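Asker: File protein29.csv below, CSV, N, CA and C atoms:
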chain,number,residue,atom,x,y,z
T,5,GLN,N,-11.2,-68.1,-54.3
T,5,GLN,CA,-10.6,-68.3,-53.1
T,5,GLN,C,-10.7,-69.8,-52.7
T,6,VAL,N,-9.7,-70.4,-52.1
T,6,VAL,CA,-9.8,-71.7,-51.6
T,6,VAL,C,-10.1,-71.7,-50.1
T,7,GLN,N,-10.9,-72.7,-49.6
T,7,GLN,CA,-11.2,-72.8,-48.2
T,7,GLN,C,-10.5,-74.0,-47.7
T,8,LEU,N,-9.9,-73.9,-46.4
T,8,LEU,CA,-9.1,-75.0,-45.9
T,8,LEU,C,-9.6,-75.4,-44.5
T,9,VAL,N,-9.7,-76.7,-44.2
T,9,VAL,CA,-10.1,-77.2,-42.9
T,9,VAL,C,-9.1,-78.3,-42.5
T,10,GLU,N,-8.5,-78.0,-41.4
T,10,GLU,CA,-7.5,-79.0,-40.8
T,10,GLU,C,-8.2,-80.0,-39.9
T,11,SER,N,-7.6,-81.2,-39.7
T,11,SER,CA,-8.0,-82.2,-38.8
T,11,SER,C,-6.8,-83.0,-38.4
T,12,GLY,N,-7.0,-83.8,-37.3
T,12,GLY,CA,-6.0,-84.8,-37.0
T,12,GLY,C,-5.1,-84.4,-35.8
T,13,GLY,N,-5.3,-83.2,-35.2
T,13,GLY,CA,-4.6,-82.9,-34.0
T,13,GLY,C,-5.0,-83.7,-32.8
T,14,GLY,N,-4.2,-83.5,-31.7
T,14,GLY,CA,-4.6,-84.2,-30.5
T,14,GLY,C,-3.4,-84.3,-29.6
T,15,LEU,N,-3.6,-85.1,-28.5
T,15,LEU,CA,-2.5,-85.3,-27.5
T,15,LEU,C,-1.8,-86.6,-27.8
T,16,VAL,N,-0.5,-86.5,-27.8
T,16,VAL,CA,0.4,-87.6,-28.0
T,16,VAL,C,1.6,-87.6,-27.1
T,17,GLN,N,2.1,-88.7,-26.8
T,17,GLN,CA,3.4,-88.7,-26.0
T,17,GLN,C,4.6,-88.5,-26.8
T,18,ALA,N,5.6,-88.0,-26.2
T,18,ALA,CA,6.9,-87.8,-26.9
T,18,ALA,C,7.3,-89.1,-27.5
T,19,GLY,N,7.8,-88.9,-28.8
T,19,GLY,CA,8.2,-90.1,-29.5
T,19,GLY,C,7.1,-90.7,-30.4
T,20,GLY,N,5.9,-90.2,-30.2
T,20,GLY,CA,4.8,-90.7,-30.9
T,20,GLY,C,4.6,-90.1,-32.3
T,21,SER,N,3.5,-90.4,-32.9
T,21,SER,CA,3.2,-89.9,-34.3
T,21,SER,C,1.8,-89.4,-34.4
T,22,LEU,N,1.6,-88.5,-35.3
T,22,LEU,CA,0.3,-88.0,-35.7
T,22,LEU,C,0.3,-87.7,-37.2
T,23,ARG,N,-0.9,-87.8,-37.8
T,23,ARG,CA,-1.0,-87.3,-39.2
T,23,ARG,C,-2.1,-86.3,-39.2
T,24,LEU,N,-1.7,-85.1,-39.7
T,24,LEU,CA,-2.6,-84.0,-39.9
T,24,LEU,C,-3.1,-84.0,-41.3
T,25,SER,N,-4.4,-83.6,-41.5
T,25,SER,CA,-5.0,-83.5,-42.8
T,25,SER,C,-5.5,-82.1,-43.0
T,26,CYS,N,-5.5,-81.6,-44.2
T,26,CYS,CA,-6.1,-80.3,-44.6
T,26,CYS,C,-6.9,-80.5,-45.9
T,27,ALA,N,-8.2,-80.4,-45.7
T,27,ALA,CA,-9.1,-80.6,-46.8
T,27,ALA,C,-9.4,-79.2,-47.5
T,28,ALA,N,-9.3,-79.1,-48.8
T,28,ALA,CA,-9.5,-77.9,-49.5
T,28,ALA,C,-10.8,-77.9,-50.3
T,29,SER,N,-11.5,-76.8,-50.5
T,29,SER,CA,-12.6,-76.7,-51.3
T,29,SER,C,-12.6,-75.3,-52.0
T,30,GLY,N,-13.4,-75.1,-53.0
T,30,GLY,CA,-13.4,-73.8,-53.7
T,30,GLY,C,-12.6,-73.9,-55.0
T,31,ARG,N,-11.6,-73.1,-55.1
T,31,ARG,CA,-10.8,-73.0,-56.3
T,31,ARG,C,-10.0,-74.4,-56.5
T,32,THR,N,-9.5,-74.5,-57.7
T,32,THR,CA,-8.8,-75.7,-58.1
T,32,THR,C,-7.6,-76.0,-57.2
T,33,PHE,N,-7.7,-77.0,-56.4
T,33,PHE,CA,-6.7,-77.3,-55.4
T,33,PHE,C,-5.3,-77.5,-56.1
T,34,SER,N,-5.3,-78.2,-57.2
T,34,SER,CA,-4.0,-78.6,-57.8
T,34,SER,C,-3.3,-77.4,-58.4
T,35,ASN,N,-3.9,-76.2,-58.4
T,35,ASN,CA,-3.2,-75.0,-58.8
T,35,ASN,C,-2.3,-74.4,-57.7
T,36,TYR,N,-2.5,-74.8,-56.5
T,36,TYR,CA,-1.9,-74.2,-55.3
T,36,TYR,C,-0.8,-75.0,-54.7
T,37,ALA,N,0.3,-74.3,-54.4
T,37,ALA,CA,1.3,-74.9,-53.5
T,37,ALA,C,0.6,-74.8,-52.1
T,38,MET,N,1.0,-75.8,-51.3
T,38,MET,CA,0.4,-75.9,-49.9
T,38,MET,C,1.5,-76.0,-48.9
T,39,GLY,N,1.2,-75.4,-47.7
T,39,GLY,CA,2.2,-75.5,-46.7
T,39,GLY,C,1.5,-75.7,-45.3
T,40,TRP,N,2.4,-76.1,-44.4
T,40,TRP,CA,2.0,-76.2,-43.0
T,40,TRP,C,2.8,-75.2,-42.1
T,41,PHE,N,2.2,-74.5,-41.2
T,41,PHE,CA,2.8,-73.6,-40.3
T,41,PHE,C,2.4,-74.0,-38.9
T,42,ARG,N,3.1,-73.5,-37.9
T,42,ARG,CA,2.7,-73.7,-36.5
T,42,ARG,C,2.9,-72.5,-35.7
T,43,GLN,N,2.2,-72.4,-34.6
T,43,GLN,CA,2.4,-71.3,-33.7
T,43,GLN,C,2.2,-71.9,-32.2
T,44,ALA,N,3.3,-71.8,-31.5
T,44,ALA,CA,3.3,-72.3,-30.1
T,44,ALA,C,2.8,-71.1,-29.2
T,45,PRO,N,2.4,-71.4,-28.0
T,45,PRO,CA,1.9,-70.3,-27.1
T,45,PRO,C,3.1,-69.3,-26.9
T,46,GLY,N,2.8,-68.0,-27.1
T,46,GLY,CA,3.7,-67.0,-26.8
T,46,GLY,C,4.8,-66.8,-27.9
T,47,LYS,N,4.7,-67.5,-29.0
T,47,LYS,CA,5.7,-67.5,-30.0
T,47,LYS,C,5.1,-67.0,-31.3
T,48,GLU,N,6.0,-66.6,-32.2
T,48,GLU,CA,5.6,-66.3,-33.6
T,48,GLU,C,5.2,-67.5,-34.4
T,49,ARG,N,4.4,-67.3,-35.4
T,49,ARG,CA,4.1,-68.4,-36.3
T,49,ARG,C,5.3,-68.7,-37.1
T,50,GLU,N,5.6,-70.0,-37.3
T,50,GLU,CA,6.7,-70.4,-38.0
T,50,GLU,C,6.4,-71.5,-39.1
T,51,PHE,N,7.2,-71.4,-40.1
T,51,PHE,CA,7.1,-72.3,-41.3
T,51,PHE,C,7.4,-73.8,-40.8
T,52,VAL,N,6.7,-74.8,-41.3
T,52,VAL,CA,7.0,-76.2,-41.0
T,52,VAL,C,7.4,-76.9,-42.3
T,53,ALA,N,6.5,-76.8,-43.3
T,53,ALA,CA,6.8,-77.6,-44.5
T,53,ALA,C,5.9,-77.0,-45.7
T,54,ALA,N,6.4,-77.3,-46.9
T,54,ALA,CA,5.6,-76.9,-48.1
T,54,ALA,C,5.8,-77.9,-49.2
T,55,ILE,N,4.8,-77.9,-50.1
T,55,ILE,CA,4.8,-78.9,-51.2
T,55,ILE,C,4.3,-78.1,-52.4
T,56,SER,N,4.9,-78.4,-53.5
T,56,SER,CA,4.5,-77.8,-54.8
T,56,SER,C,3.2,-78.3,-55.2
T,57,SER,N,2.6,-77.6,-56.2
T,57,SER,CA,1.2,-77.9,-56.6
T,57,SER,C,1.2,-79.3,-57.2
T,58,SER,N,2.2,-79.7,-57.8
T,58,SER,CA,2.3,-81.1,-58.4
T,58,SER,C,2.6,-82.2,-57.4
T,59,GLY,N,3.1,-81.7,-56.3
T,59,GLY,CA,3.6,-82.7,-55.2
T,59,GLY,C,5.0,-83.2,-55.4
T,60,ILE,N,5.7,-82.7,-56.5
T,60,ILE,CA,7.0,-83.2,-56.8
T,60,ILE,C,8.1,-82.7,-55.8
T,61,SER,N,7.9,-81.4,-55.4
T,61,SER,CA,8.9,-80.7,-54.6
T,61,SER,C,8.4,-80.5,-53.2
T,62,THR,N,9.3,-80.7,-52.2
T,62,THR,CA,8.9,-80.5,-50.8
T,62,THR,C,10.0,-79.7,-50.1
T,63,TYR,N,9.6,-79.0,-49.1
T,63,TYR,CA,10.6,-78.1,-48.4
T,63,TYR,C,10.2,-78.2,-46.9
T,64,TYR,N,11.3,-78.2,-46.1
T,64,TYR,CA,11.0,-78.4,-44.6
T,64,TYR,C,11.9,-77.4,-43.8
T,65,ALA,N,11.3,-77.0,-42.7
T,65,ALA,CA,12.1,-76.3,-41.7
T,65,ALA,C,13.2,-77.3,-41.1
T,66,ASP,N,14.3,-76.8,-40.7
T,66,ASP,CA,15.4,-77.6,-40.2
T,66,ASP,C,14.9,-78.4,-38.9
T,67,SER,N,14.1,-77.8,-38.2
T,67,SER,CA,13.6,-78.3,-36.9
T,67,SER,C,12.8,-79.6,-37.1
T,68,VAL,N,12.2,-79.8,-38.3
T,68,VAL,CA,11.4,-81.0,-38.5
T,68,VAL,C,11.9,-81.9,-39.6
T,69,LYS,N,13.0,-81.5,-40.2
T,69,LYS,CA,13.5,-82.3,-41.3
T,69,LYS,C,13.9,-83.7,-40.8
T,70,GLY,N,13.5,-84.7,-41.5
T,70,GLY,CA,13.8,-86.1,-41.1
T,70,GLY,C,12.7,-86.7,-40.2
T,71,ARG,N,11.8,-85.9,-39.6
T,71,ARG,CA,10.8,-86.4,-38.7
T,71,ARG,C,9.4,-86.2,-39.3
T,72,PHE,N,9.2,-85.1,-40.1
T,72,PHE,CA,7.9,-84.8,-40.7
T,72,PHE,C,7.9,-85.0,-42.2
T,73,THR,N,6.8,-85.4,-42.7
T,73,THR,CA,6.7,-85.5,-44.2
T,73,THR,C,5.4,-84.9,-44.7
T,74,ILE,N,5.5,-84.0,-45.6
T,74,ILE,CA,4.3,-83.4,-46.2
T,74,ILE,C,4.0,-84.1,-47.5
T,75,SER,N,2.7,-84.3,-47.8
T,75,SER,CA,2.3,-85.0,-49.0
T,75,SER,C,0.9,-84.4,-49.4
T,76,ARG,N,0.5,-84.7,-50.6
T,76,ARG,CA,-0.8,-84.3,-51.1
T,76,ARG,C,-1.4,-85.3,-52.0
T,77,ASP,N,-2.7,-85.3,-52.0
T,77,ASP,CA,-3.5,-86.1,-52.9
T,77,ASP,C,-4.4,-85.1,-53.7
T,78,ASN,N,-4.1,-84.8,-54.9
T,78,ASN,CA,-4.9,-83.8,-55.6
T,78,ASN,C,-6.2,-84.3,-56.0
T,79,ALA,N,-6.4,-85.6,-56.1
T,79,ALA,CA,-7.7,-86.2,-56.4
T,79,ALA,C,-8.6,-86.1,-55.2
T,80,LYS,N,-8.1,-86.0,-54.0
T,80,LYS,CA,-8.9,-85.8,-52.8
T,80,LYS,C,-8.9,-84.4,-52.3
T,81,ASN,N,-8.2,-83.5,-53.0
T,81,ASN,CA,-8.1,-82.1,-52.5
T,81,ASN,C,-7.6,-82.0,-51.1
T,82,THR,N,-6.6,-82.8,-50.8
T,82,THR,CA,-6.1,-82.9,-49.4
T,82,THR,C,-4.6,-82.8,-49.3
T,83,VAL,N,-4.1,-82.1,-48.3
T,83,VAL,CA,-2.6,-82.2,-48.0
T,83,VAL,C,-2.5,-82.7,-46.6
T,84,TYR,N,-1.4,-83.5,-46.4
T,84,TYR,CA,-1.1,-84.2,-45.2
T,84,TYR,C,0.2,-83.7,-44.6
T,85,LEU,N,0.3,-83.9,-43.3
T,85,LEU,CA,1.5,-83.7,-42.6
T,85,LEU,C,1.7,-84.9,-41.6
T,86,GLN,N,2.6,-85.8,-42.0
T,86,GLN,CA,2.9,-87.0,-41.2
T,86,GLN,C,4.0,-86.6,-40.2
T,87,MET,N,3.7,-86.7,-38.9
T,87,MET,CA,4.7,-86.2,-37.9
T,87,MET,C,5.1,-87.4,-37.1
T,88,ASN,N,6.4,-87.7,-37.1
T,88,ASN,CA,6.9,-88.8,-36.4
T,88,ASN,C,8.0,-88.3,-35.3
T,89,SER,N,8.3,-89.2,-34.4
T,89,SER,CA,9.3,-88.8,-33.4
T,89,SER,C,9.0,-87.4,-32.8
T,90,LEU,N,7.7,-87.2,-32.4
T,90,LEU,CA,7.3,-85.9,-31.9
T,90,LEU,C,8.0,-85.6,-30.5
T,91,LYS,N,8.2,-84.3,-30.4
T,91,LYS,CA,8.9,-83.8,-29.2
T,91,LYS,C,8.0,-82.8,-28.5
T,92,PRO,N,8.2,-82.5,-27.2
T,92,PRO,CA,7.3,-81.5,-26.6
T,92,PRO,C,7.4,-80.2,-27.2
T,93,GLU,N,8.5,-79.8,-27.8
T,93,GLU,CA,8.7,-78.5,-28.5
T,93,GLU,C,7.9,-78.5,-29.8
T,94,ASP,N,7.3,-79.6,-30.2
T,94,ASP,CA,6.4,-79.5,-31.4
T,94,ASP,C,5.0,-79.1,-31.0
T,95,THR,N,4.7,-79.0,-29.8
T,95,THR,CA,3.4,-78.5,-29.3
T,95,THR,C,3.1,-77.2,-29.9
T,96,ALA,N,1.9,-77.1,-30.6
T,96,ALA,CA,1.5,-75.8,-31.3
T,96,ALA,C,0.2,-76.0,-31.9
T,97,VAL,N,-0.4,-74.9,-32.4
T,97,VAL,CA,-1.5,-75.0,-33.3
T,97,VAL,C,-0.9,-75.0,-34.7
T,98,TYR,N,-1.3,-76.0,-35.4
T,98,TYR,CA,-0.8,-76.3,-36.8
T,98,TYR,C,-1.9,-75.8,-37.8
T,99,CYS,N,-1.5,-75.0,-38.7
T,99,CYS,CA,-2.4,-74.4,-39.8
T,99,CYS,C,-1.8,-74.8,-41.1
T,100,CYS,N,-2.7,-75.1,-42.1
T,100,CYS,CA,-2.3,-75.2,-43.4
T,100,CYS,C,-2.6,-73.9,-44.2
T,101,ALA,N,-1.9,-73.7,-45.3
T,101,ALA,CA,-2.0,-72.5,-46.1
T,101,ALA,C,-1.9,-72.8,-47.5
T,102,ALA,N,-2.5,-72.0,-48.4
T,102,ALA,CA,-2.4,-72.2,-49.8
T,102,ALA,C,-1.7,-71.0,-50.4
T,103,HIS,N,-1.0,-71.2,-51.5
T,103,HIS,CA,-0.2,-70.2,-52.2
T,103,HIS,C,-0.3,-70.4,-53.7
T,104,PHE,N,-0.8,-69.4,-54.4
T,104,PHE,CA,-0.8,-69.5,-55.9
T,104,PHE,C,0.5,-69.1,-56.4
T,105,GLY,N,1.5,-69.9,-56.2
T,105,GLY,CA,2.9,-69.6,-56.6
T,105,GLY,C,3.8,-70.7,-56.2
T,106,ALA,N,5.1,-70.3,-56.0
T,106,ALA,CA,6.1,-71.3,-55.7
T,106,ALA,C,6.1,-71.8,-54.3
T,107,ALA,N,6.1,-73.1,-54.1
T,107,ALA,CA,6.1,-73.6,-52.7
T,107,ALA,C,7.4,-73.2,-51.9
T,108,GLN,N,8.5,-73.0,-52.6
T,108,GLN,CA,9.7,-72.7,-51.9
T,108,GLN,C,9.7,-71.3,-51.3
T,109,ALA,N,8.8,-70.5,-51.8
T,109,ALA,CA,8.7,-69.1,-51.3
T,109,ALA,C,7.8,-69.0,-50.1
T,110,MET,N,7.0,-70.0,-49.7
T,110,MET,CA,6.0,-69.9,-48.7
T,110,MET,C,6.6,-69.6,-47.3
T,111,GLY,N,7.7,-70.1,-47.0
T,111,GLY,CA,8.3,-69.9,-45.7
T,111,GLY,C,8.6,-68.5,-45.4
T,112,ALA,N,8.8,-67.7,-46.5
T,112,ALA,CA,9.3,-66.3,-46.3
T,112,ALA,C,8.1,-65.3,-46.5
T,113,MET,N,6.9,-65.8,-46.7
T,113,MET,CA,5.8,-64.9,-47.0
T,113,MET,C,4.5,-65.2,-46.3
T,114,THR,N,4.6,-65.5,-45.0
T,114,THR,CA,3.4,-65.9,-44.3
T,114,THR,C,2.4,-64.9,-44.3
T,115,GLY,N,2.7,-63.6,-44.4
T,115,GLY,CA,1.7,-62.5,-44.4
T,115,GLY,C,1.0,-62.3,-45.7
T,116,ALA,N,1.4,-63.1,-46.8
T,116,ALA,CA,0.9,-62.8,-48.1
T,116,ALA,C,0.4,-64.1,-48.8
T,117,LEU,N,0.1,-65.1,-48.0
T,117,LEU,CA,-0.4,-66.3,-48.6
T,117,LEU,C,-1.9,-66.2,-48.9
T,118,ASP,N,-2.4,-67.0,-49.8
T,118,ASP,CA,-3.8,-66.8,-50.3
T,118,ASP,C,-4.9,-67.3,-49.4
T,119,ALA,N,-4.7,-68.3,-48.6
T,119,ALA,CA,-5.7,-68.8,-47.7
T,119,ALA,C,-5.1,-69.5,-46.6
T,120,TRP,N,-5.8,-69.5,-45.4
T,120,TRP,CA,-5.4,-70.2,-44.2
T,120,TRP,C,-6.6,-71.0,-43.7
T,121,GLY,N,-6.2,-72.1,-43.0
T,121,GLY,CA,-7.2,-72.9,-42.3
T,121,GLY,C,-7.3,-72.3,-40.9
T,122,GLN,N,-8.2,-72.9,-40.1
T,122,GLN,CA,-8.4,-72.4,-38.7
T,122,GLN,C,-7.4,-73.0,-37.7
T,123,GLY,N,-6.8,-74.1,-38.1
T,123,GLY,CA,-5.8,-74.6,-37.2
T,123,GLY,C,-6.3,-75.8,-36.4
T,124,THR,N,-5.3,-76.7,-36.1
T,124,THR,CA,-5.6,-77.9,-35.2
T,124,THR,C,-4.5,-78.0,-34.2
T,125,LEU,N,-4.9,-78.2,-32.9
T,125,LEU,CA,-3.9,-78.2,-31.8
T,125,LEU,C,-3.2,-79.6,-31.7
T,126,VAL,N,-1.9,-79.5,-31.6
T,126,VAL,CA,-1.1,-80.7,-31.4
T,126,VAL,C,-0.4,-80.5,-30.0
T,127,THR,N,-0.6,-81.4,-29.1
T,127,THR,CA,0.1,-81.3,-27.8
T,127,THR,C,0.9,-82.6,-27.6
T,128,VAL,N,2.2,-82.4,-27.4
T,128,VAL,CA,3.1,-83.5,-27.1
T,128,VAL,C,3.5,-83.5,-25.7
T,129,SER,N,3.2,-84.5,-25.0
T,129,SER,CA,3.6,-84.6,-23.5
T,129,SER,C,4.9,-85.3,-23.4
T,130,SER,N,5.6,-84.9,-22.3
T,130,SER,CA,7.0,-85.5,-22.1
T,130,SER,C,6.9,-86.7,-21.2
What is this file in structure tokens?
Answerer:
Amino acid sequence: QVQLVESGGGLVQAGGSLRLSCAASGRTFSNYAMGWFRQAPGKEREFVAAISSSGISTYYADSVKGRFTISRDNAKNTVYLQMNSLKPEDTAVYCCAAHFGAAQAMGAMTGALDAWGQGTLVTVSS
């Protein structure tokens, strides 16, 4: 099992940027596709972005496409989410997740992913 710890959340004004990090330990990080999900108060958890185990392929929710970038550094066992042009509706707890399979499938299988982090809160003020 892989263990995940997120960091980098905080309070930012609309239009600003944040970079989230997710550090992994345990199993071989480079074997896992990684993803970011978010859950706003009173809403269901939703897919944000995913990246293949090699880092070659990335996938995004339409709501963040062009503003967010997912990346990974397998040497550092870390996945990142660069968030630019933030909007108040981006306010949520952001969690990273690991999947021993295809990254493009992560958005449709939130209940069956292999590991989750505890989450980091992002608050965007208007």
Asker: What is the distance between atom C of Ser129 in chain T and CA of Ser21 in chain T, in Å to one decimal?
Answerer: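 Result for atom C of Ser129 in chain T versus CA of Ser21 in chain T: 12.0 Å, one decimal.
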Asker: With a distance cut-off of 12 Å and only C-alpha atoms, select the neighbouring residues of Glu48 in chain T, excluding the residue or stretch itself and same-chain residues fewer than 4 positions from it, and output the selection as an NGL selection string.
Answerer: :T and (41-44 or 96-97 or 114)
Asker: Could you tell me which of T:Gly123, T:Asp94, T:Tyr84, T:Ala107 comes closest to Ser61 in chain T if we count only C-alpha atoms?
Answerer: T:Ala107
Asker: Can you tell me how far CA of Asp66 in chain T sits from CA of Ala53 in chain T, in Å to one decimal?
Answerer: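 Interatomic distance, CA of Asp66 in chain T to CA of Ala53 in chain T: 9.6 Å.
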Asker: With only C-alpha atoms as the counted atoms, please give the residues lying no more than 9 Å from Gly20 in chain T, apart from itself and same-chain residues fewer than 4 positions off, as a compact mmCIF listing (two decimals) with N, CA and C atoms, in the coordinates of the input.
Answerer:
# COMPACT_ATOMS: atom_id res chain seq x y z
N VAL T 16 -0.50 -86.50 -27.80
CA VAL T 16 0.40 -87.60 -28.00
C VAL T 16 1.60 -87.60 -27.10
N MET T 87 3.70 -86.70 -38.90
CA MET T 87 4.70 -86.20 -37.90
C MET T 87 5.10 -87.40 -37.10
N ASN T 88 6.40 -87.70 -37.10
CA ASN T 88 6.90 -88.80 -36.40
C ASN T 88 8.00 -88.30 -35.30
N SER T 89 8.30 -89.20 -34.40
CA SER T 89 9.30 -88.80 -33.40
C SER T 89 9.00 -87.40 -32.80
N LEU T 90 7.70 -87.20 -32.40
CA LEU T 90 7.30 -85.90 -31.90
C LEU T 90 8.00 -85.60 -30.50
N LYS T 91 8.20 -84.30 -30.40
CA LYS T 91 8.90 -83.80 -29.20
C LYS T 91 8.00 -82.80 -28.50
N VAL T 128 2.20 -82.40 -27.40
CA VAL T 128 3.10 -83.50 -27.10
C VAL T 128 3.50 -83.50 -25.70
Asker: DSSP on the backbone: which residues in chain T end up as helix (DSSP H, G or I)? Give the answer as a list in words.
Answerer: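 Helix (DSSP H, G or I) assignments inside chain T correspond to Phe33, Ser34, Asn35, Pro92, Glu93, Asp94, Ala107, Gln108, Ala109, Met110, Gly111, Ala112, Thr114, Gly115 and Ala116 of chain T.
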Asker: Interatomic distance between CA of Arg71 in chain T and CA of Cys99 in chain T?
Answerer: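 Calculated distance between CA of Arg71 in chain T and CA of Cys99 in chain T is 17.9 Å.
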Asker: Which residue, T:Ser25, T:Gln5, T:Ser11, T:Thr127, has the smallest gap to Thr82 in chain T when you use all atoms listed in the file?
Answerer: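 So, comparing all the options, the nearest one is T:Ser25.
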Asker: Which neighbours of Ala79 in chain T fall inside 10 Å, counting only C-alpha atoms, when residues of the same chain fewer than 2 positions from it are skipped, and could you give them as a PyMOL selection string?
Answerer: chain T and resi 33-34+76-77+81-82
Asker: Please provide as a VMD selection string all residues within 7 Å of range 115-120 of chain T, with the sequence filter that same-chain residues fewer than 3 positions apart are discarded (counting only N, CA and C atoms).
Answerer: chain T and resid 5 to 9 99 to 104 112 123
Asker: Restricting the calculation to only C-alpha atoms: of T:Ser29, T:Gln17, T:Gln86, T:Thr73, which residue gets closest to Gly121 in chain T?
Answerer: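 When distances to Gly121 in chain T are compared using only C-alpha atoms, the smallest one comes from T:Ser29.
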Asker: Counting all atoms listed in the file, which residue out of T:Pro92, T:Phe72, T:Tyr64, T:Gly39 sits closest to Ser130 in chain T?
Answerer: T:Pro92
Asker: When distances are computed from only N, CA and C atoms, which of T:Ile55, T:Tyr98, T:Ala109, T:Gly30 shows the smallest separation from Leu125 in chain T?
Answerer: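 So, comparing all the options, the nearest one is T:Tyr98.
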Asker: Which residues, written as a ChimeraX atom specification, have at least one atom at most 6 Å from range 57-59 of chain T, with only C-alpha atoms counted and residues fewer than 4 positions away on the same chain left out?
Answerer: /T:34-37
